[in-house]
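One structure is given here, and the rest of the page talks about it.
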Amino acid sequence: MLNDLGEMFSAKSFFRRRQLKFDRPLRPLCLKSLLIATVIFDPSISFSQDLGSIAGALIQGAINAQRMQQFQYQQRRQDVPRRRSRDSRESPDPASKQQANSKKAEDARQQHDAFLKIAPAANELIEDASTFVKGSPANPKLVAFIKQIGELNSALAAEDLSKLKPLMEGLVRDLRHEPGYEKLEAERSKQKREDAARYLPELIRTAGQQQAFIRYYITNNPTASYTGAFIHLLDDLDTNVAAPDLGKLTALTSKVDVAIREAHLQDDFVTSKNVLGRSGPADKPIDSSMLRKTEKNAFLSDGDRRDFILLYNSSPQAPHVTRNLSGTITFENQEATACLYEPNFDVAQRRLMKQKLISEYRLQKPGVDSRECSRSSLLTYDVIAVERGHLAQMRSEHQIALYSEVEANHFKHLETITSGRLDEILADQKKAQARIQADIESGSGEGYGIVEASPRVNTICMVVKDQEAAHRQLLQEKVELSTSDIISKPTLDDAYKALQRDECQAIYSAGPELKILTAAMAKDGADHSISAIWNRDEEIQKADRLAQAKREEDARQALLAKTQQEAREDLRRTMNAEESATARARQEALQSQFGKVAAAYSAAIAKDVRDATASRDDWQQSAGYAQYPRFVTWYQNMVRDHWELQSLNSEIADYGRAEWKGRPMETGFTLITIRLRNRILGEYKDVCVVLGRMNDTEFGMMRDPTEVACDQTAQSALLKKARNFESQWLVQPQS
């Protein structure tokens, strides 16, 4: 039986190799001969019942052959531009040659466009004819129809317009003389109408989304490399959406989808679906030069361009923000993650956002990102802020990303700080600056402030005598600088020297010292300004108490964590010791029960290895080489390089049961260690390998031999897991 199966597989392989050599359609005589041979050599086949399926198989074979021909034809077409390029280099008249090539390219494009228009109808005709042939196995014109189908498929594969239309007309004419074909054609027409009614609205919707996205993209990216190709696609979409056809629109939307993916704009297209679209009825042209305004997103566009807008995360993924039963916005644990959506935002906007979250929502930890929002992970933020005018000037994909989140109800309007309110805040800051400056000049200012020598402050020199942690904490909250951006200086003179060397751009100190500083800077003619930030003594005392409480709490938590960690380590050590003792007891019991059979199994593997590594010329005929060819071949190569075997030892590596095709089998692994010596090199080499196999007693075969180096434990574990190996020799403690 095995020999018969081998011959059968060999015959199939030969037929496949012969089939790959076909470069033209199967001839009718060949098809007819194969059909007759099939019936003669298999009398069990019912001509009336199975001939249709045989004809279908023959048609499929012909189509497969034509696909090979189409591939070869395309390869030849790809060679044409290379030959043209070579000819153009050799041509004595490049201008005329280029003109001729342009004309040929235009003619080829027109011919290809004409082919694309007729190809769907040709494919439908092939499908209809194939269905008819399969359902009419007793038709006397069966082989003739198969021939026509093959010829039509060949012309379709080669894009041969001169043959395609006559072949289609001939096949349709002959089929319509058959009584059953009219019924099939009527059913097909009915099915097409039903499909159009079912699928066409969705296709029109998809095409409309593609129209909107492409028009928006080319409007905002007129010089992009893909804009030219998108313009042609947009023309096709406009034409086909105006007069939709199921087949044509299916092919076109697929083509547009490929173009969008090739431009790496698929993610942008997906997010734009709810943002770009029709601004009027479905029968009106799409106007997508602007983002579509809806009730949900109107707050992003309606209003003064200087308005500062805050949005909150209303999705289930919001880190901290929620609504209570009364509809009030709340933040869990009085903390939030926030960011500015616009790139290169003003630091004052970040400060304003932070102050708003602290004052309005009583947040103690308003984590405002120092960088712009990560647009690929907007749902990780509780609050997003953006200036309306800056949003309108951002890149189209960035606008679409935010608009789509709003349309998906992932973000909603939290608050708008109007341009008028911003002017009031700015006026209040100027008043505060004027008041602080007057207090400093008069010497009546109690507290600490900042004198700035530059409009952009990156580093502050801090001059304080005590409570440094409290001062530093207040500065970090109000100026939003990191710890490393606040440099402590022992005296005002040291700070002023650092200011002149641009080591810092501002000095923070007490009111009386700031009076001395401003007088020195005025004497030197140095530009300076007074910050609106002022820390009163009571604020510093409160911050100091909070800092001390935080230090004590941190110390308490550190001690508690250390104690808990030590307790967990003690428990883990105790449990590991108990599990190890239990595992050792179970392992000893298993090895006592299966010791003899495991030893015999291991010895059998070792015997095959010794036989293959013995000094024999026919080692490739040994059972050891048949099962472990890599190890035995390596050993024989070492012998050829004058290495000598000093010792070969074996021991049981593992033993148990594994599955092979759903059947449990005895499985063993043997650890082989060998020592080699090379007299010429004066060296020794030690090698360790684990060899395993499965014993299929039902069929008298050794299955799935494995060769793994001793240090490759991970690979060995994977092999065991793949075969559902259960050890009856080793027991590992549970982790």
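How things are named: the first chain in the structure tokens is A, the next is B, and so on; residues count from 1 in each chain; ligands count from 1 in the order shown.
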
Practice problem: Quick one: everything within 8 Å of stretch 303-316 of chain A, counting only C-alpha atoms, minus sequence neighbours fewer than 4 positions away in the same chain. Send it as number ranges by chain. | Solution: A: 299, 321-322, 379, 381-390, 409-419

Exercise. Mind checking which residues fall within 10 Å of stretch 493-506 of chain A, counting only C-alpha atoms, ignoring those fewer than 3 positions away in the same chain, and posting them as a list in words?
Key: Ile450, Val451, Glu452, Ala453, Ser454, Pro455, Arg456, Val457, Asn458, Thr459, Ile460, Cys461, Met462, Val463, Asp485, Ile486, Ile487, Ser488, Lys489, Pro490, Ser509, Leu517, Ala520, Met521, Ala526, His528, Ser529, Ile530 and Ser531 of chain A

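Of the residues listed (A:Met702, A:Ile425, A:Leu234, A:Ala599), A:Leu234 shows the shortest atom-to-atom separation from A:Val256; distances use only C-alpha atoms.
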
Self-check item: Nearest to A:Gln209 by atom-to-atom distance, counting only C-alpha atoms, from A:Ile533, A:Ala606, A:Leu340, A:Leu276
Solution: A:Leu276

Self-check item: Per-residue DSSP, stretch 201-305 of chain A, filtered to helix (DSSP H, G or I), as an NGL selection string
Solution: :A and (201-220 or 227-242 or 246-262 or 266-272 or 298-300)

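Among A:Tyr635, A:Phe145, A:Phe699, A:Tyr601, the residue with the shortest atom-to-atom distance to A:Glu651, counting only C-alpha atoms, is A:Tyr601.
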
Exercise. Please provide as a list of chain:residue names all residues within 12 Å of A:Gly180, with the sequence filter that same-chain residues fewer than 2 positions apart are discarded (counting only C-alpha atoms).
Key: A:Asp128, A:Ala129, A:Thr131, A:Phe132, A:Val133, A:Gly135, A:Ser136, A:Asn139, A:Leu175, A:Arg176, A:His177, A:Glu178, A:Glu182, A:Lys183, A:Leu184, A:Glu185, A:Ala186, A:Glu187

With a cut-off of 10 Å, could you pull out the residues of stretch 516-623 of chain A touching stretch 655-676 of chain A and give me the nearest pair of atoms for each, distance in Å to one decimal, using only C-alpha atoms, ordered by chain and ascending number, as JSON lines?
```
{"residue": "A:Gln591", "atom": "CA", "partner": "A:Tyr655", "partner_atom": "CA", "distance": 9.4}
{"residue": "A:Phe594", "atom": "CA", "partner": "A:Tyr655", "partner_atom": "CA", "distance": 8.5}
{"residue": "A:Gly595", "atom": "CA", "partner": "A:Tyr655", "partner_atom": "CA", "distance": 9.3}
{"residue": "A:Val597", "atom": "CA", "partner": "A:Tyr655", "partner_atom": "CA", "distance": 9.0}
{"residue": "A:Ala598", "atom": "CA", "partner": "A:Tyr655", "partner_atom": "CA", "distance": 5.9}
{"residue": "A:Ala599", "atom": "CA", "partner": "A:Tyr655", "partner_atom": "CA", "distance": 9.1}
{"residue": "A:Ala600", "atom": "CA", "partner": "A:Gly668", "partner_atom": "CA", "distance": 9.9}
{"residue": "A:Tyr601", "atom": "CA", "partner": "A:Gly668", "partner_atom": "CA", "distance": 6.5}
{"residue": "A:Ser602", "atom": "CA", "partner": "A:Thr670", "partner_atom": "CA", "distance": 5.3}
{"residue": "A:Ala603", "atom": "CA", "partner": "A:Thr670", "partner_atom": "CA", "distance": 8.1}
{"residue": "A:Ala604", "atom": "CA", "partner": "A:Thr670", "partner_atom": "CA", "distance": 9.4}
{"residue": "A:Ile605", "atom": "CA", "partner": "A:Thr670", "partner_atom": "CA", "distance": 6.9}
{"residue": "A:Ala606", "atom": "CA", "partner": "A:Thr670", "partner_atom": "CA", "distance": 7.3}
{"residue": "A:Val609", "atom": "CA", "partner": "A:Ile672", "partner_atom": "CA", "distance": 8.9}
```

Emit the selected residues as a compact mmCIF listing (two decimals), in the first residue's frame, including N, CA and C atoms.
```txt
# COMPACT_ATOMS: atom_id res chain seq x y z
N GLN A 591 11.09 8.10 39.69
CA GLN A 591 12.30 7.43 39.20
C GLN A 591 12.41 6.01 39.73
N PHE A 594 9.71 4.17 37.37
CA PHE A 594 10.01 4.05 35.94
C PHE A 594 11.51 3.93 35.66
N GLY A 595 12.30 3.69 36.71
CA GLY A 595 13.74 3.67 36.53
C GLY A 595 14.23 2.66 35.52
N VAL A 597 12.58 1.07 32.95
CA VAL A 597 12.19 1.30 31.55
C VAL A 597 12.88 2.54 30.99
N ALA A 598 13.06 3.58 31.83
CA ALA A 598 13.76 4.79 31.38
C ALA A 598 15.21 4.49 31.06
N ALA A 599 15.83 3.67 31.91
CA ALA A 599 17.24 3.32 31.67
C ALA A 599 17.38 2.51 30.39
N ALA A 600 16.44 1.60 30.15
CA ALA A 600 16.49 0.80 28.93
C ALA A 600 16.29 1.67 27.70
N TYR A 601 15.36 2.62 27.79
CA TYR A 601 15.09 3.52 26.66
C TYR A 601 16.32 4.37 26.35
N SER A 602 16.95 4.90 27.41
CA SER A 602 18.14 5.72 27.23
C SER A 602 19.29 4.90 26.66
N ALA A 603 19.42 3.66 27.12
CA ALA A 603 20.50 2.80 26.64
C ALA A 603 20.32 2.47 25.16
N ALA A 604 19.06 2.32 24.72
CA ALA A 604 18.81 2.01 23.31
C ALA A 604 19.24 3.18 22.42
N ILE A 605 18.97 4.42 22.85
CA ILE A 605 19.42 5.58 22.08
C ILE A 605 20.94 5.65 22.04
N ALA A 606 21.55 5.42 23.20
CA ALA A 606 23.01 5.45 23.27
C ALA A 606 23.64 4.38 22.38
N VAL A 609 23.73 5.53 18.85
CA VAL A 609 24.75 6.55 18.67
C VAL A 609 26.14 5.93 18.62
```
